[in-house]
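Here the structure comes first, spelled out in structure tokens, and everything after it is commentary.
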Amino acid sequence: MALAREELSDPLLYQRYLRALRQYKDPQEEQLEPSPGHVIRFCHNCGQRAMFRLDPEGIWYECLHCKHLD
Ligand SMILES: [Zn+2]
């Protein structure tokens, strides 16, 4: 399966990723839900909590940190 390179290099998407990571690290913000189609979970590939993005087909979650598909 080919990865959508354009989406991964989208600066807006990357900023959302960074913002979500900051929110997650702030205890007061921890209850906020990630943006739709995104979840924060433990990635077994890169070994850290990362933002995952549900792909357009709704089948795979992609780790935005290491691009691992789960
Ligand atoms: Zn990962």
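We label chains A, B, ... in the order they appear in the structure tokens, count residues from 1 in each chain, and number ligands from 1 in the order shown.
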
DSSP on the backbone, helix (DSSP H, G or I) only: what residues of segment 11-59 of chain A does that give? Format it as a list in words. Pro11, Leu12, Leu13, Tyr14, Gln15, Arg16, Tyr17, Leu18, Arg19, Ala20, Leu21, Arg22, Gln23, Tyr24, Lys25, Pro27, Gln28 and Glu29 of chain A

Closest atom pairs, chain A residues within 10 Å of ligand 1, only C-alpha atoms and all ligand atoms, as JSON lines:
{"residue": "A:Arg41", "atom": "CA", "partner": "ligand 1", "partner_atom_place_in_ligand_line": "1 (Zn)", "distance": 9.3}
{"residue": "A:Phe42", "atom": "CA", "partner": "ligand 1", "partner_atom_place_in_ligand_line": "1 (Zn)", "distance": 7.8}
{"residue": "A:Cys43", "atom": "CA", "partner": "ligand 1", "partner_atom_place_in_ligand_line": "1 (Zn)", "distance": 4.6}
{"residue": "A:His44", "atom": "CA", "partner": "ligand 1", "partner_atom_place_in_ligand_line": "1 (Zn)", "distance": 6.6}
{"residue": "A:Asn45", "atom": "CA", "partner": "ligand 1", "partner_atom_place_in_ligand_line": "1 (Zn)", "distance": 5.0}
{"residue": "A:Cys46", "atom": "CA", "partner": "ligand 1", "partner_atom_place_in_ligand_line": "1 (Zn)", "distance": 4.1}
{"residue": "A:Gly47", "atom": "CA", "partner": "ligand 1", "partner_atom_place_in_ligand_line": "1 (Zn)", "distance": 6.5}
{"residue": "A:Gln48", "atom": "CA", "partner": "ligand 1", "partner_atom_place_in_ligand_line": "1 (Zn)", "distance": 6.7}
{"residue": "A:Arg49", "atom": "CA", "partner": "ligand 1", "partner_atom_place_in_ligand_line": "1 (Zn)", "distance": 7.7}
{"residue": "A:Ala50", "atom": "CA", "partner": "ligand 1", "partner_atom_place_in_ligand_line": "1 (Zn)", "distance": 6.4}
{"residue": "A:Met51", "atom": "CA", "partner": "ligand 1", "partner_atom_place_in_ligand_line": "1 (Zn)", "distance": 8.5}
{"residue": "A:Phe52", "atom": "CA", "partner": "ligand 1", "partner_atom_place_in_ligand_line": "1 (Zn)", "distance": 8.3}
{"residue": "A:Glu62", "atom": "CA", "partner": "ligand 1", "partner_atom_place_in_ligand_line": "1 (Zn)", "distance": 8.0}
{"residue": "A:Cys63", "atom": "CA", "partner": "ligand 1", "partner_atom_place_in_ligand_line": "1 (Zn)", "distance": 4.7}
{"residue": "A:Leu64", "atom": "CA", "partner": "ligand 1", "partner_atom_place_in_ligand_line": "1 (Zn)", "distance": 6.7}
{"residue": "A:His65", "atom": "CA", "partner": "ligand 1", "partner_atom_place_in_ligand_line": "1 (Zn)", "distance": 5.0}
{"residue": "A:Cys66", "atom": "CA", "partner": "ligand 1", "partner_atom_place_in_ligand_line": "1 (Zn)", "distance": 4.2}
{"residue": "A:Lys67", "atom": "CA", "partner": "ligand 1", "partner_atom_place_in_ligand_line": "1 (Zn)", "distance": 6.2}
{"residue": "A:His68", "atom": "CA", "partner": "ligand 1", "partner_atom_place_in_ligand_line": "1 (Zn)", "distance": 5.3}
{"residue": "A:Leu69", "atom": "CA", "partner": "ligand 1", "partner_atom_place_in_ligand_line": "1 (Zn)", "distance": 8.3}
{"residue": "A:Asp70", "atom": "CA", "partner": "ligand 1", "partner_atom_place_in_ligand_line": "1 (Zn)", "distance": 9.1}

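Counting from atom CA of Leu21 of chain A, the distance to atom CA of Gly58 of chain A is 22.2 Å.
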
Set the distance at 9 Å and use only C-alpha atoms: which residues neighbour His38 of chain A once local chain neighbours fewer than 4 positions away are removed? I'd like the list as a list in words.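 Counting only C-alpha atoms, the residues come to Glu33, Pro34, Met51, Phe52, Arg53, Leu54 and Tyr61 of chain A.
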
Given the selection you just returned, output its residues as a file containing C-alpha atoms, formatted as a PDB file, in the first residue's frame.
ATOM      1  CA  GLU A  33     -10.409  14.508  22.585  1.00  0.00           C
ATOM      2  CA  PRO A  34      -8.000  14.420  19.666  1.00  0.00           C
ATOM      3  CA  MET A  51      -0.817  10.586  17.412  1.00  0.00           C
ATOM      4  CA  PHE A  52      -2.381   8.129  15.017  1.00  0.00           C
ATOM      5  CA  ARG A  53      -4.397   9.198  12.039  1.00  0.00           C
ATOM      6  CA  LEU A  54      -7.181   7.076  10.644  1.00  0.00           C
ATOM      7  CA  TYR A  61      -4.285   3.901  11.913  1.00  0.00           C
TER       8      TYR A  61
END
